[in-house]
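S.K.: The structure follows.
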Amino acid sequence: MGESVLTASGFARTASGELVCEGVSLEAIAQAVGTPVYVYSSRAIREQYDALDRALAPVPHRLHYSMKANSNLAVLRLLQERGAGLDIVSGGELFRARKAGFSADSIVFSGVGKSVQELREALAAGILMFNVESFFELEQLNEVATGMGVRAPVALRVNPEVRVDTPHHYTRTGERGNKFGIPIDEALDAAQRALALPSIVLRGLDMHIGSQVSHLEPYRDGLERLLDLHAQMRAIGASDMRYLDIGGGFAVTYEDETPMDLDALAAALLPKIEKSGLSLIVEPGRFIVGNAGVLLARVMHRKKSGGKEYIISDAGMNDLVRPSHYDAYHAVEAVHARDTRSVVDVVGPVCESGDFFALDREVDDVEAGDLIVVRTTGAYGYVMSFNYNARPRVAEVLVDGDRFAVATRRENYEDLVRLEPQQLEWRTD
Ligand code: LLP
């Protein structure tokens with residue numbers, strides 16, 4: 001393999017035009033593990049984590065990786081070694097977090113609907129904080145905590161009702177009328193209620209305005225509203241407030257978007273946070289892992305139909321749903337550089353017309369048997385995959401320097417039916 005110049009994403013082309021991940025050939029991974037397969041660069045993950053950590057260094061802060069973006073245990077362990085905490089949204093994520101070795105007190109629990117069982121599990125574990133999203137949840141958490149004889153540390157997740165610009169409306173959460181958080185004009189009442197509940201300790205305020213946000217204004221505006229609330233809450237006796245959580249959402253580059261400018265973000269937010277005396281919490285997911293992953297697939301064949309040309313890859317929408325679900329752009333490239341390009345649709349084998357990665361896009365002229373990658377799929381790729389068309393879920397591979405390891409084995413056919421009994425056990429009540 002020739003010399004490669006590593007990019008921030010951990011993927012680069014050698015002098016001979018082959019795309020590699022750190023020091024490992026993607027061709028070698030495909031041969032050893034098969035395709036489709038997600039490939040992640042450890043170096044890229046570490047670099048993103050460290051860059052954010054450095055940018056926030058002027059104030060006391062905690063970096064809680066939002067594990068919904070990529071909850072592979074090997075990825076989690078890598079971040080745990082860096083000193084990360086986690087943002088979780090379910091009992092299943094709590095389970096994964098503990099498996100990966102995270103201590104409970106490094107976990108915040110977000111989510112608009114937490115079940116009683118999930119509340120119980122998180123209280124028993126002793127997590128750092130619940131990001132509470134409604135009066136109902138506040139009362140319910142109080143009741144569960146009282147029953148267990150413990151007190152629940154709480155941050156109120158407030159919907160700051162700021163204008164947020166994200167590529168798709170599904171990923172906006174901080175605008176008026178969204179299902180997430182406590183509406184800002186009810187937040188002071190919620191604090192009053194929290195202070196009156198015997199098994200609740202009010203520790204902080206929280207927001208999460210959306211995902212893939214490249215402008216800092218909504219963070220700045222949201223933060224100002226939260227700090228305003230903080231002052232009002234202190235005035236009514238909230239004296240145990242320690243944390244201010246501004247959520248995640250920091251943008252990465254898929255095509256030509258500007259990624260979040262960390263220095264500008266820090267300059268806009270940190271002085272205000274410092275003045276408040278609160279500790280900052282951030283919950284980034286995509287920013288840490290998005291550019292650190294590709295979906296490596298093999299071209300099955302090319303075909304022409306009705307004046308269009310299709311490249312059919314062995315990966316489908318069930319392996320990566322973002323293009324289909326959000327109309328999201330992901331770059332598609334040949335692993336071995338090609339001299340010519342054509343305008344094609346890159347599609348998968350799934351029986352849906354919505355099964356595509358790129359539409360009417362100029363891409364490298366690849367042929368049957370060639371390897372391609374779908375870029376920037378380290379976040380919300382594997383975690384959102386499913387078994388439609390009885391397609392086994394793909395493997396995940398982690399690269400570190402010149403080594404790689406299977407971090408999730410590919411499902412086999414037996415895995416597809418393992419939850420279904422051969423014989424039904426009929427019951428009448
Ligand atoms: N905190 C909370 C409360 C969240 O709901 C989310 C994401 C995050 C943090 C992390 O956001 P990030 O830094 O990754 O943008 N599946 C969609 C994204 C959904 C995001 C949901 N919440 C996608 O593929 O674009």
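Naming works like this for the structure tokens: A, B, ... for the chains as they're shown, residue 1 at the start of each chain, ligands 1 onward in shown order.
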Compile the contact shell of Leu26 (chain A) as a ChimeraX atom specification: residues with an atom at most 12 Å away, counting only C-alpha atoms, same-chain residues fewer than 2 positions apart removed.
M.R.: /A:1,11-14,18-24,28-41,293-298,334-336,370-373,397-399,402-404
S.K.: Hey, what's within 9 Å of Ala124 (chain A) if we count only C-alpha atoms and toss same-chain stuff fewer than 5 positions away? As a PyMOL selection string, please?
M.R.: chain A and resi 119+148+150
S.K.: May I have the residues from that selection written out with N, CA and C atoms, as a compact mmCIF listing (two decimals), in the first residue's frame?
M.R.:
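Output file again.txt follows:
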```
# COMPACT_ATOMS: atom_id res chain seq x y z
N LEU A 119 -37.00 4.15 34.68
CA LEU A 119 -36.69 5.07 35.79
C LEU A 119 -36.09 4.29 36.95
N MET A 148 -38.46 3.74 46.30
CA MET A 148 -37.15 3.08 46.43
C MET A 148 -36.33 3.67 47.58
N VAL A 150 -34.92 6.66 47.64
CA VAL A 150 -33.77 7.44 47.15
C VAL A 150 -34.27 8.79 46.64
```
S.K.: Check every protein, DNA and RNA residue against ligand 1, keep those with an atom at most 8 Å away (counting only C-alpha atoms and all ligand atoms), and present them as an MDAnalysis selection string.
M.R.: chainID A and resid 65:69 87 89 110:111 170:171 173 207:208 210:213 247:251 282:288 322 326 328 379:381 384
S.K.: Could you pull out the helix (DSSP H, G or I) residues of region 177-292 of chain A, going by DSSP on the backbone, and write them as a ChimeraX atom specification?
M.R.: /A:184-196,217-235,262-276,286-292
S.K.: Quick one: everything within 9 Å of Gly101 (chain A), counting only C-alpha atoms, minus sequence neighbours fewer than 2 positions away in the same chain. Send it as a ChimeraX atom specification.
M.R.: /A:76-77,80,96-99,103
